[in-house]
2 protein chains.
Amino acid sequence: MEKFDVHILGCGSALPTLRHSATSQVVNIREKLFMIDCGEGTQVQLRRSRLRFGRLNHIFISHLHGDHCFGLMGLISTFGMLERTADLHIYAHAELEKLLAPQLNYFCKGMTYKVVFHAIDPGEQAVIYDDRSVSVETIPLRHKLPTCGFLFREKPVPNHIIREMIDFYHIPLYLINRIKNGEDYQMEDGTVIPNARLTIPSDPPRTYAYCSDTCYLPRITEQIKGVDLLFHEATFTTSELARAKATLHSTAEQAALIAREAGVKQLMIGHFSARYEDDSLLLKEASAIFPQTILAQENLKIEL
Amino acid sequence: MEKFDVHILGCGSALPTLRHSATSQVVNIREKLFMIDCGEGTQVQLRRSRLRFGRLNHIFISHLHGDHCFGLMGLISTFGMLERTADLHIYAHAELEKLLAPQLNYFCKGMTYKVVFHAIDPGEQAVIYDDRSVSVETIPLRHKLPTCGFLFREKPVPNHIIREMIDFYHIPLYLINRIKNGEDYQMEDGTVIPNARLTIPSDPPRTYAYCSDTCYLPRITEQIKGVDLLFHEATFTTSELARAKATLHSTAEQAALIAREAGVKQLMIGHFSARYEDDSLLLKEASAIFPQTILAQENLKIEL
């Protein structure tokens, strides 16, 4: 199966702790790396992950709170010192480019590569990235600032041909790609060999939804219905519900309710408040509602 | 003895590694904390040190390379979330204020405390901070950008009175402070009791010099002569002398030559290039010239 991994580089919330790094994740789809958020210390966590820096060309920023973007300058600057040449694309609220401009001009003068900003509208559901392996669309969320999640949709992979059947029917080479893509085969005598006899279906395309930071927002369940993995923030337990509401964050229970309503295959919770010495409280609360829940943690890799 | 500790939060160089954090140190003088440089990840290292954030009011930035200042935004922002009220003073090249301004305006709006920038001229030797415990003066260095080190000079502590002698001579209370500060005591019959009979001398004031980043610069030995502890960068071993010259850094040998020439009591080397898996190579090289050399390392505390 083609690679579709999610690497957790950091899953803490606004206040850094010794248990959790600031928010960042890397999605590895067929050896192309996509970063989501880039809190302080991300470049060191990226190094720890042993992922190859050179394969990271796209960074998606959910919103402009420091714990989601203060690691960008260090990462960009380090890539410069490593003499990167490929453009680095950053997808974020338009404001980010203005905020980084003075530092980019000062610290990154004469760098060997370009940083290309793509302004996104976090309030609108839109495809903001698309290649032959994957598309990425925004998931409008509700937080103190304009914020969006990201939905990664793998592109379908062609069916696998059954070599013996291709040989048996003497199917010419030039037709193989069409058959991989689902066409039947018509023999010279007009007999039609259905595609199902010639191929094994490929695995269904996988999906990953990242939703952080946000208050409880049931309308997102429509967009993320049935995803293979949902990352949803769970900053607080229900005992801090009032605080969750006031700060436009979610509780572990609310994350689980979203997962259940959306019928996702697996839920990963993260963005844990610094107040929790033991994240298992959050896991317990979410699992009671949605048993297929796991805790995010630094250096965790989930294979979809 | 009054406290005078140096805490190493990070002692790596430009490229971060898993062995070393970016440059930052905290000098604790009589429970007042002074930070020198603030590379990415400093706030987490500060937390790890268990030093009390509230006692840190002054940050000195040697120069505007990212590995010496990219941690400032995160630190400032976290102090805001912790509802700090005391002003935070930052001493740096004037450019820093301009570089941080857009981010301070955006991320730190409505903070409960003020960040006060003090522009320093790294090219000039000057006292830039002074209180009743300590003074801090700049040490002009030579690097790719305007850069200075910092020399911390403890203020003399009054002598300790010998209680028994005070009682013996019936010295009145109102004279005690003068005697602590070195005055003799004249009895009613005119007899002079020399101060040396009434007090035990306090420990001599201690000094700490921080010199990073810089090329080999013998002229600094005059200013740092005889300091109790010299931190000097030693980015490279002599095998990389050409590279040290080209990048305006020092070798471990050069750091040791400076220490020997200045007659310091102890040398600590740091700012190690990412290329060294084993810093003991650097220690070996420096110790051959200046035996009282130690390696900086994260979470090390040196008591002066």
# chains A, B, ... in the order shown; residues from 1 in each chain; ligands from 1
$ interface_residues --of "chain B" --to "chain A" --cutoff "7 Å" --atoms "only C-alpha atoms" --output "list in words"
Leu15, Pro16, Thr17, Leu18, Glu40, Gly41, Val44, Arg48, His65, Gly66, Phe70, Gly74, Thr78, Leu99, Pro102, Gln103 and Phe107 of chain B
$ write_last_selection --atoms "C-alpha atoms" --output "compact mmCIF listing (two decimals), in the first residue's frame"
# COMPACT_ATOMS: atom_id res chain seq x y z
CA LEU B 15 22.12 24.49 12.81
CA PRO B 16 20.05 22.94 15.57
CA THR B 17 20.72 19.33 16.48
CA LEU B 18 19.26 16.79 18.85
CA GLU B 40 14.51 29.02 19.39
CA GLY B 41 13.31 26.75 22.18
CA VAL B 44 11.21 25.36 27.14
CA ARG B 48 13.39 22.88 32.37
CA HIS B 65 21.47 35.92 13.95
CA GLY B 66 18.45 33.68 14.27
CA PHE B 70 14.40 33.37 17.35
CA GLY B 74 7.70 32.71 22.06
CA THR B 78 4.28 33.11 26.98
CA LEU B 99 12.13 43.25 13.27
CA PRO B 102 4.88 43.67 13.51
CA GLN B 103 4.73 40.42 15.47
CA PHE B 107 0.55 38.47 18.71
$ select_by_dssp --residues "segment 6-42 of chain A" --states "strand (DSSP E or B)" --output "VMD selection string"
chain A and resid 6 to 10 12 24 to 29 32 to 38
$ closest_residue --among "B:Ala262, B:Glu240, B:Asp121, B:Gly270" --to "Glu298 of chain B" --atoms "only C-alpha atoms"
B:Gly270
$ residues_around --residues "Met268 of chain B" --least-positions-apart "3" --cutoff "8 Å" --atoms "only C-alpha atoms" --output "number ranges by chain"
B: 229-232, 293-296
$ write_last_selection --atoms "C-alpha atoms" --output "mmCIF file, in the first residue's frame"
data_model
loop_
_atom_site.group_PDB
_atom_site.id
_atom_site.type_symbol
_atom_site.label_atom_id
_atom_site.label_comp_id
_atom_site.auth_asym_id
_atom_site.auth_seq_id
_atom_site.Cartn_x
_atom_site.Cartn_y
_atom_site.Cartn_z
ATOM 1 C CA LEU B 229 34.553 32.568 34.274
ATOM 2 C CA LEU B 230 34.905 33.190 30.573
ATOM 3 C CA PHE B 231 32.402 31.684 28.166
ATOM 4 C CA HIS B 232 34.037 31.777 24.745
ATOM 5 C CA THR B 293 38.462 24.440 30.553
ATOM 6 C CA ILE B 294 35.014 22.894 30.705
ATOM 7 C CA LEU B 295 32.460 22.122 28.024
ATOM 8 C CA ALA B 296 29.161 23.942 28.046
#
$ atom_distance --atom1 "atom CA of Glu31 of chain B" --atom2 "atom CA of Glu233 of chain B"
26.1 Å
$ residues_around --residues "Ser212 of chain A" --least-positions-apart "4" --cutoff "9 Å" --atoms "only C-alpha atoms" --output "PDB file with N, CA and C atoms, in the first residue's frame"
ATOM      1  N   SER A  62      -2.924  26.679  10.242  1.00  0.00           N
ATOM      2  CA  SER A  62      -4.354  26.719  10.563  1.00  0.00           C
ATOM      3  C   SER A  62      -4.815  28.100  11.011  1.00  0.00           C
ATOM      4  N   HIS A  63      -3.981  28.777  11.790  1.00  0.00           N
ATOM      5  CA  HIS A  63      -4.330  30.117  12.260  1.00  0.00           C
ATOM      6  C   HIS A  63      -3.114  30.769  12.887  1.00  0.00           C
ATOM      7  N   LEU A 141     -13.257  26.544  10.655  1.00  0.00           N
ATOM      8  CA  LEU A 141     -13.460  26.269  12.081  1.00  0.00           C
ATOM      9  C   LEU A 141     -13.841  27.570  12.790  1.00  0.00           C
ATOM     10  N   HIS A 143     -12.716  29.864  16.038  1.00  0.00           N
ATOM     11  CA  HIS A 143     -11.779  30.095  17.125  1.00  0.00           C
ATOM     12  C   HIS A 143     -11.651  31.605  17.300  1.00  0.00           C
ATOM     13  N   THR A 147      -9.669  30.722  11.496  1.00  0.00           N
ATOM     14  CA  THR A 147      -8.986  29.427  11.649  1.00  0.00           C
ATOM     15  C   THR A 147      -9.621  28.399  10.713  1.00  0.00           C
ATOM     16  N   CYS A 148      -8.788  27.543  10.156  1.00  0.00           N
ATOM     17  CA  CYS A 148      -9.354  26.417   9.407  1.00  0.00           C
ATOM     18  C   CYS A 148      -8.562  25.153   9.676  1.00  0.00           C
ATOM     19  N   GLY A 149      -9.261  24.031   9.533  1.00  0.00           N
ATOM     20  CA  GLY A 149      -8.594  22.741   9.530  1.00  0.00           C
ATOM     21  C   GLY A 149      -8.228  22.392   8.096  1.00  0.00           C
ATOM     22  N   PHE A 231      -7.935  14.125  13.365  1.00  0.00           N
ATOM     23  CA  PHE A 231      -7.283  14.768  14.505  1.00  0.00           C
ATOM     24  C   PHE A 231      -8.198  15.888  14.933  1.00  0.00           C
ATOM     25  N   HIS A 232      -8.623  15.850  16.176  1.00  0.00           N
ATOM     26  CA  HIS A 232      -9.466  16.939  16.687  1.00  0.00           C
ATOM     27  C   HIS A 232      -8.872  17.428  17.999  1.00  0.00           C
ATOM     28  N   GLU A 233      -8.813  18.733  18.146  1.00  0.00           N
ATOM     29  CA  GLU A 233      -8.278  19.266  19.392  1.00  0.00           C
ATOM     30  C   GLU A 233      -9.171  18.874  20.556  1.00  0.00           C
ATOM     31  N   ALA A 234      -8.561  18.655  21.702  1.00  0.00           N
ATOM     32  CA  ALA A 234      -9.278  18.354  22.939  1.00  0.00           C
ATOM     33  C   ALA A 234      -8.449  19.021  24.035  1.00  0.00           C
ATOM     34  N   HIS A 249     -12.255  26.631  22.584  1.00  0.00           N
ATOM     35  CA  HIS A 249     -11.595  25.338  22.420  1.00  0.00           C
ATOM     36  C   HIS A 249     -12.628  24.233  22.645  1.00  0.00           C
ATOM     37  N   GLY A 270      -5.647  15.835  20.623  1.00  0.00           N
ATOM     38  CA  GLY A 270      -4.388  16.515  20.953  1.00  0.00           C
ATOM     39  C   GLY A 270      -4.649  17.956  21.335  1.00  0.00           C
ATOM     40  N   HIS A 271      -3.557  18.774  21.310  1.00  0.00           N
ATOM     41  CA  HIS A 271      -3.628  20.174  21.730  1.00  0.00           C
ATOM     42  C   HIS A 271      -4.028  20.268  23.210  1.00  0.00           C
TER      43      HIS A 271
END
$ atom_distance --atom1 "atom CA of Leu241 of chain A" --atom2 "atom CA of Asp228 of chain A"
27.7 Å
$ atom_distance --atom1 "atom CA of Tyr169 of chain A" --atom2 "atom CA of Gly190 of chain A"
12.7 Å
$ select_by_dssp --residues "segment 43-201 of chain A" --states "alpha helix (DSSP H)" --output "PyMOL selection string"
chain A and resi 43-49+66-69+72-81+95-107+163-168+176-180+195-198
$ residues_around --residues "Pro201 of chain A" --least-positions-apart "4" --cutoff "12 Å" --atoms "only C-alpha atoms" --output "PyMOL selection string"
chain A and resi 156-162+179-182+195-197+205
